[in-house]
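Written out below as structure tokens is the structure these notes cover.
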Amino acid sequence: MKQLSKEFFNRDTVVVAKELIGKILQVDNIRARILEVEAYKEDLASHARTKTPRSKIMFDTHGHIYVYFIYGMYHCLNITTDSKPGAILIRAIDYPGCSGPGKLCKTLNITRKDNGLELGGRFKILDDGFIAKIKKSERIGIKEDKHLLWRFYIEDYSVVNQKRII
DNA sequence: TACTGGATTCACT
DNA sequence: GTGAATCCAGTAA
């Protein structure tokens with residue numbers, strides 16, 4: 001099982017998002033397959049639309065962790081991609097209590113203290129050679145028809161169960 | 001300094 | 001389907 005290189009993330013956000021489906025997210029000792037992601041580029045709905053102290057990491061890095069706090073209750077885990085800017089929200093993984101972005105962070109104890117970490121430390125993305133079938137939602141978002149975000153799901157859940165790695 | 005609204009979740013109807 | 005919980009980043013002044 002090999003760890004994805006930093007350069008894997010130095011590509012178009014949507015391409016990376018698609019390829020992340022079926023890969024394995026490791027946080028501390030927990031490993032689970034990535035089931036659902038969302039790709040954010042220069043989107044009106046995205047923090048990447050303006051460069052601020054918070055969103056700076058999306059402009060300056062790739063292969064880094066971007067965590068933000070939302071609705072006063074939840075954190076969301078992202079991985080930065082090419083410096084255009086962009087990031088990929090990890091929405092769900094194949095692990096109990098990780099069926100949504102807020103729940104995932106709560107279950108894995110991910111908070112803003114993890115913001116800015118480079119992949120390879122607490123967080124790793126691994127490739128075990130599994131190739132997932134992918135379902136794509138076209139350009140989610142309705143505000144002013146200017147959204148450029150895509151959501152990708154794994155299609156073959158039954159295969160994931162057979163290839164469960166935890 | 002004050003205000004506004006959000007990349008969510010869950011309980012309730 | 002709807003609304004509440006909750007707090008912080010961003011923005012305007």
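In the structure tokens, each chain is lettered A, B, ... as it comes, each chain's residues begin at 1, and ligands are numbered from 1 in order of appearance.
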With only C-alpha atoms (C1' of nucleotides) as the counted atoms, please give the residues lying no more than 10 Å from range 69-74 of chain A, apart from itself and same-chain residues fewer than 4 positions off, as an mmCIF file with C-alpha atoms (C1' of nucleotides), in the first residue's frame.
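Produced file out04.cif, reproduced below:
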```
data_model
loop_
_atom_site.group_PDB
_atom_site.id
_atom_site.type_symbol
_atom_site.label_atom_id
_atom_site.label_comp_id
_atom_site.auth_asym_id
_atom_site.auth_seq_id
_atom_site.Cartn_x
_atom_site.Cartn_y
_atom_site.Cartn_z
ATOM 1 C CA PRO A 101 -18.384 16.008 6.784
ATOM 2 C CA GLY A 102 -19.362 17.232 10.247
ATOM 3 C CA LYS A 103 -19.727 13.764 11.720
ATOM 4 C CA LEU A 104 -16.468 12.614 10.174
ATOM 5 C CA CYS A 105 -14.492 15.359 11.919
ATOM 6 C CA LYS A 106 -16.261 14.717 15.194
ATOM 7 C CA ILE A 110 -10.398 16.657 13.709
ATOM 8 C CA THR A 111 -10.428 20.339 14.671
ATOM 9 C CA ARG A 112 -8.870 23.603 13.576
ATOM 10 C "C1'" DG B 5 -24.644 34.137 7.487
ATOM 11 C "C1'" DG B 6 -22.648 29.624 6.657
ATOM 12 C "C1'" DA B 7 -19.207 23.495 2.252
ATOM 13 C "C1'" DT B 8 -24.118 20.589 8.764
ATOM 14 C "C1'" DT B 9 -26.812 17.676 11.517
ATOM 15 C "C1'" DA C 5 -28.328 24.765 17.637
ATOM 16 C "C1'" DT C 6 -24.077 27.595 17.708
ATOM 17 C "C1'" DC C 7 -19.665 30.515 16.974
ATOM 18 C "C1'" DC C 8 -16.406 32.436 14.105
ATOM 19 C "C1'" DA C 9 -14.569 34.600 9.728
#
```
Shell around Ile65 in chain A at 12 Å using only C-alpha atoms (C1' of nucleotides), local window under 5 positions removed, as a ChimeraX atom specification: /A:6,9,27,55,57-58,76-81,86-90,110-125
Just write the chosen residues, N, CA and C atoms, as an mmCIF file, in the first residue's frame.
```cif
data_model
loop_
_atom_site.group_PDB
_atom_site.id
_atom_site.type_symbol
_atom_site.label_atom_id
_atom_site.label_comp_id
_atom_site.auth_asym_id
_atom_site.auth_seq_id
_atom_site.Cartn_x
_atom_site.Cartn_y
_atom_site.Cartn_z
ATOM 1 N N LYS A 6 2.912 14.145 -2.728
ATOM 2 C CA LYS A 6 2.399 15.515 -2.662
ATOM 3 C C LYS A 6 2.023 16.004 -4.062
ATOM 4 N N PHE A 9 -1.468 15.871 -5.628
ATOM 5 C CA PHE A 9 -2.456 16.919 -5.343
ATOM 6 C C PHE A 9 -2.178 18.216 -6.100
ATOM 7 N N VAL A 27 -6.092 8.475 9.436
ATOM 8 C CA VAL A 27 -5.975 9.499 10.471
ATOM 9 C C VAL A 27 -5.583 8.775 11.744
ATOM 10 N N SER A 55 -8.361 31.330 4.292
ATOM 11 C CA SER A 55 -8.351 30.570 3.038
ATOM 12 C C SER A 55 -6.988 30.594 2.336
ATOM 13 N N ILE A 57 -4.306 29.175 2.745
ATOM 14 C CA ILE A 57 -3.689 27.858 2.521
ATOM 15 C C ILE A 57 -4.120 27.229 1.200
ATOM 16 N N MET A 58 -5.347 27.580 0.757
ATOM 17 C CA MET A 58 -5.836 27.016 -0.505
ATOM 18 C C MET A 58 -5.140 27.663 -1.699
ATOM 19 N N CYS A 76 -15.050 20.853 9.081
ATOM 20 C CA CYS A 76 -15.021 20.173 7.797
ATOM 21 C C CYS A 76 -13.571 19.956 7.386
ATOM 22 N N LEU A 77 -13.282 18.747 6.919
ATOM 23 C CA LEU A 77 -11.927 18.363 6.533
ATOM 24 C C LEU A 77 -11.743 18.507 5.024
ATOM 25 N N ASN A 78 -10.752 19.286 4.636
ATOM 26 C CA ASN A 78 -10.427 19.472 3.221
ATOM 27 C C ASN A 78 -8.958 19.151 2.974
ATOM 28 N N ILE A 79 -8.652 18.853 1.716
ATOM 29 C CA ILE A 79 -7.260 18.718 1.298
ATOM 30 C C ILE A 79 -7.027 19.705 0.175
ATOM 31 N N THR A 80 -5.985 20.504 0.290
ATOM 32 C CA THR A 80 -5.733 21.520 -0.730
ATOM 33 C C THR A 80 -5.151 20.866 -1.980
ATOM 34 N N THR A 81 -5.473 21.485 -3.112
ATOM 35 C CA THR A 81 -4.936 21.002 -4.388
ATOM 36 C C THR A 81 -4.188 22.139 -5.063
ATOM 37 N N GLY A 86 -7.738 25.850 -4.859
ATOM 38 C CA GLY A 86 -8.731 24.800 -4.804
ATOM 39 C C GLY A 86 -8.546 23.907 -3.603
ATOM 40 N N ALA A 87 -9.617 23.183 -3.262
ATOM 41 C CA ALA A 87 -9.550 22.225 -2.166
ATOM 42 C C ALA A 87 -10.656 21.201 -2.355
ATOM 43 N N ILE A 88 -10.472 20.063 -1.698
ATOM 44 C CA ILE A 88 -11.444 18.979 -1.799
ATOM 45 C C ILE A 88 -11.969 18.651 -0.412
ATOM 46 N N LEU A 89 -13.278 18.761 -0.270
ATOM 47 C CA LEU A 89 -13.925 18.430 0.994
ATOM 48 C C LEU A 89 -14.142 16.921 1.072
ATOM 49 N N ILE A 90 -13.650 16.301 2.138
ATOM 50 C CA ILE A 90 -13.899 14.877 2.358
ATOM 51 C C ILE A 90 -15.237 14.758 3.072
ATOM 52 N N ILE A 110 -11.104 15.703 14.557
ATOM 53 C CA ILE A 110 -10.398 16.657 13.709
ATOM 54 C C ILE A 110 -10.929 18.060 14.015
ATOM 55 N N THR A 111 -10.031 18.963 14.355
ATOM 56 C CA THR A 111 -10.428 20.339 14.671
ATOM 57 C C THR A 111 -9.486 21.312 13.963
ATOM 58 N N ARG A 112 -9.697 22.589 14.230
ATOM 59 C CA ARG A 112 -8.870 23.603 13.576
ATOM 60 C C ARG A 112 -7.393 23.493 13.950
ATOM 61 N N LYS A 113 -7.110 22.747 15.024
ATOM 62 C CA LYS A 113 -5.692 22.577 15.385
ATOM 63 C C LYS A 113 -4.951 21.788 14.299
ATOM 64 N N ASP A 114 -5.730 21.044 13.486
ATOM 65 C CA ASP A 114 -5.131 20.263 12.403
ATOM 66 C C ASP A 114 -4.972 21.078 11.120
ATOM 67 N N ASN A 115 -5.526 22.283 11.122
ATOM 68 C CA ASN A 115 -5.458 23.114 9.921
ATOM 69 C C ASN A 115 -4.003 23.414 9.549
ATOM 70 N N GLY A 116 -3.682 23.225 8.274
ATOM 71 C CA GLY A 116 -2.342 23.560 7.799
ATOM 72 C C GLY A 116 -1.349 22.409 7.830
ATOM 73 N N LEU A 117 -1.747 21.282 8.422
ATOM 74 C CA LEU A 117 -0.826 20.141 8.465
ATOM 75 C C LEU A 117 -0.573 19.605 7.065
ATOM 76 N N GLU A 118 0.625 19.110 6.871
ATOM 77 C CA GLU A 118 0.957 18.519 5.581
ATOM 78 C C GLU A 118 0.615 17.035 5.613
ATOM 79 N N LEU A 119 0.153 16.499 4.485
ATOM 80 C CA LEU A 119 -0.115 15.061 4.423
ATOM 81 C C LEU A 119 1.169 14.290 4.679
ATOM 82 N N GLY A 120 1.049 13.186 5.397
ATOM 83 C CA GLY A 120 2.233 12.401 5.723
ATOM 84 C C GLY A 120 2.452 12.316 7.217
ATOM 85 N N GLY A 121 1.839 13.212 7.956
ATOM 86 C CA GLY A 121 1.932 13.187 9.406
ATOM 87 C C GLY A 121 0.739 12.460 9.989
ATOM 88 N N ARG A 122 -0.088 13.201 10.699
ATOM 89 C CA ARG A 122 -1.296 12.592 11.268
ATOM 90 C C ARG A 122 -2.224 12.100 10.166
ATOM 91 N N PHE A 123 -2.209 12.797 9.049
ATOM 92 C CA PHE A 123 -3.096 12.470 7.927
ATOM 93 C C PHE A 123 -2.291 11.878 6.773
ATOM 94 N N LYS A 124 -2.806 10.777 6.248
ATOM 95 C CA LYS A 124 -2.177 10.178 5.070
ATOM 96 C C LYS A 124 -3.260 9.741 4.093
ATOM 97 N N ILE A 125 -2.942 9.785 2.812
ATOM 98 C CA ILE A 125 -3.818 9.197 1.807
ATOM 99 C C ILE A 125 -3.050 8.032 1.181
#
```
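Between CA of Arg33 in chain A and CA of Ser99 in chain A the interatomic distance comes to 11.7 Å.
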All residues 12 Å or closer to DG3 in chain C, only C-alpha atoms (C1' of nucleotides), same chain fewer than 6 positions away omitted, as a PDB file with N, CA, C and O atoms (P, O5', C5', C4', C3', O3' and C1' of nucleotides), in the first residue's frame:
```pdb
ATOM      1  P    DT B   9     -23.033  16.537   7.991  1.00  0.00           P
ATOM      2  O5'  DT B   9     -24.042  16.428   9.201  1.00  0.00           O
ATOM      3  C5'  DT B   9     -23.544  16.663  10.516  1.00  0.00           C
ATOM      4  C4'  DT B   9     -24.690  16.774  11.485  1.00  0.00           C
ATOM      5  C3'  DT B   9     -25.667  15.592  11.452  1.00  0.00           C
ATOM      6  O3'  DT B   9     -25.627  15.002  12.746  1.00  0.00           O
ATOM      7  C1'  DT B   9     -26.812  17.676  11.517  1.00  0.00           C
ATOM      8  P    DC B  10     -26.316  13.590  13.004  1.00  0.00           P
ATOM      9  O5'  DC B  10     -27.651  14.037  13.763  1.00  0.00           O
ATOM     10  C5'  DC B  10     -27.546  14.950  14.847  1.00  0.00           C
ATOM     11  C4'  DC B  10     -28.933  15.409  15.229  1.00  0.00           C
ATOM     12  C3'  DC B  10     -29.976  14.290  15.220  1.00  0.00           C
ATOM     13  O3'  DC B  10     -30.728  14.383  16.413  1.00  0.00           O
ATOM     14  C1'  DC B  10     -30.716  16.110  13.924  1.00  0.00           C
ATOM     15  P    DA B  11     -31.621  13.136  16.915  1.00  0.00           P
ATOM     16  O5'  DA B  11     -32.840  13.937  17.548  1.00  0.00           O
ATOM     17  C5'  DA B  11     -32.647  15.264  18.019  1.00  0.00           C
ATOM     18  C4'  DA B  11     -33.927  16.059  17.872  1.00  0.00           C
ATOM     19  C3'  DA B  11     -35.203  15.238  18.074  1.00  0.00           C
ATOM     20  O3'  DA B  11     -36.108  16.010  18.832  1.00  0.00           O
ATOM     21  C1'  DA B  11     -35.250  16.263  15.945  1.00  0.00           C
ATOM     22  P    DC B  12     -37.423  15.305  19.422  1.00  0.00           P
ATOM     23  O5'  DC B  12     -38.587  16.004  18.596  1.00  0.00           O
ATOM     24  C5'  DC B  12     -38.542  17.425  18.383  1.00  0.00           C
ATOM     25  C4'  DC B  12     -39.401  17.780  17.193  1.00  0.00           C
ATOM     26  C3'  DC B  12     -40.736  17.032  17.143  1.00  0.00           C
ATOM     27  O3'  DC B  12     -41.787  17.960  17.220  1.00  0.00           O
ATOM     28  C1'  DC B  12     -39.675  17.108  15.022  1.00  0.00           C
ATOM     29  P    DT B  13     -43.335  17.412  17.331  1.00  0.00           P
ATOM     30  O5'  DT B  13     -43.891  17.759  15.886  1.00  0.00           O
ATOM     31  C5'  DT B  13     -43.679  19.060  15.341  1.00  0.00           C
ATOM     32  C4'  DT B  13     -44.159  19.095  13.902  1.00  0.00           C
ATOM     33  C3'  DT B  13     -45.536  18.447  13.678  1.00  0.00           C
ATOM     34  O3'  DT B  13     -46.339  19.316  12.906  1.00  0.00           O
ATOM     35  C1'  DT B  13     -43.930  17.576  12.168  1.00  0.00           C
TER      36       DT B  13
END
```
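Our summary of the geometry notes that CA of Val15 in chain A is positioned 21.2 Å from CA of Val160 in chain A.
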Expressed in Å to a single decimal, how great is the separation between CA of Asp128 in chain A and CA of Gly22 in chain A?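 One can read the CA of Asp128 in chain A to CA of Gly22 in chain A distance as 9.1 Å.
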If we count only C-alpha atoms (C1' of nucleotides) and set the cut-off at 12 Å, which residues sit around DA12 in chain C, ignoring sequence neighbours fewer than 6 positions away in its own chain? Please answer as an MDAnalysis selection string. chainID B and resid 1:4
Hey, what does DSSP flag as helix (DSSP H, G or I) within chain A? Can you give it to me as a PDB file with C-alpha atoms, in the first residue's frame?
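As a result, part_7.pdb now contains:
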```
ATOM      1  CA  LYS A   6       2.399  15.515  -2.662  1.00  0.00           C
ATOM      2  CA  GLU A   7       2.518  15.981  -6.431  1.00  0.00           C
ATOM      3  CA  PHE A   8      -0.639  13.897  -6.759  1.00  0.00           C
ATOM      4  CA  PHE A   9      -2.456  16.919  -5.343  1.00  0.00           C
ATOM      5  CA  THR A  13      -8.977  20.032  -8.257  1.00  0.00           C
ATOM      6  CA  VAL A  14     -11.716  18.111 -10.054  1.00  0.00           C
ATOM      7  CA  VAL A  15      -9.287  15.517 -11.432  1.00  0.00           C
ATOM      8  CA  VAL A  16      -7.780  14.940  -7.995  1.00  0.00           C
ATOM      9  CA  ALA A  17     -11.234  14.729  -6.394  1.00  0.00           C
ATOM     10  CA  LYS A  18     -12.271  12.054  -8.854  1.00  0.00           C
ATOM     11  CA  GLU A  19      -9.136  10.021  -8.209  1.00  0.00           C
ATOM     12  CA  LEU A  20      -9.472  10.323  -4.442  1.00  0.00           C
ATOM     13  CA  HIS A  47     -13.704  30.036   0.723  1.00  0.00           C
ATOM     14  CA  ALA A  48     -11.339  30.020  -2.262  1.00  0.00           C
ATOM     15  CA  ARG A  49     -13.146  32.946  -3.874  1.00  0.00           C
ATOM     16  CA  LYS A  56      -4.723  31.495   2.295  1.00  0.00           C
ATOM     17  CA  ILE A  57      -3.689  27.858   2.521  1.00  0.00           C
ATOM     18  CA  MET A  58      -5.836  27.016  -0.505  1.00  0.00           C
ATOM     19  CA  PHE A  59      -3.934  29.578  -2.558  1.00  0.00           C
ATOM     20  CA  ASP A  60      -0.450  28.708  -1.380  1.00  0.00           C
ATOM     21  CA  PRO A 101     -18.384  16.008   6.784  1.00  0.00           C
ATOM     22  CA  GLY A 102     -19.362  17.232  10.247  1.00  0.00           C
ATOM     23  CA  LYS A 103     -19.727  13.764  11.720  1.00  0.00           C
ATOM     24  CA  LEU A 104     -16.468  12.614  10.174  1.00  0.00           C
ATOM     25  CA  CYS A 105     -14.492  15.359  11.919  1.00  0.00           C
ATOM     26  CA  LYS A 106     -16.261  14.717  15.194  1.00  0.00           C
ATOM     27  CA  THR A 107     -15.614  10.959  15.041  1.00  0.00           C
ATOM     28  CA  ARG A 112      -8.870  23.603  13.576  1.00  0.00           C
ATOM     29  CA  LYS A 113      -5.692  22.577  15.385  1.00  0.00           C
ATOM     30  CA  ASP A 114      -5.131  20.263  12.403  1.00  0.00           C
ATOM     31  CA  LYS A 143     -26.512  30.779  -6.360  1.00  0.00           C
ATOM     32  CA  GLU A 144     -26.298  32.953  -9.461  1.00  0.00           C
ATOM     33  CA  ASP A 145     -25.441  29.925 -11.567  1.00  0.00           C
ATOM     34  CA  TYR A 157     -20.606   0.128  -2.312  1.00  0.00           C
ATOM     35  CA  SER A 158     -20.870  -3.666  -2.424  1.00  0.00           C
ATOM     36  CA  VAL A 159     -17.323  -3.884  -3.750  1.00  0.00           C
ATOM     37  CA  VAL A 160     -16.159  -1.578  -0.989  1.00  0.00           C
ATOM     38  CA  ASN A 161     -17.648  -3.931   1.564  1.00  0.00           C
ATOM     39  CA  GLN A 162     -15.740  -6.837   0.040  1.00  0.00           C
TER      40      GLN A 162
END
```
Residues of range 8-163 of chain A in strand (DSSP E) according to DSSP, as a ChimeraX atom specification? /A:24-27,30-40,65-70,74-80,87-93,123-127,134-140,149-154
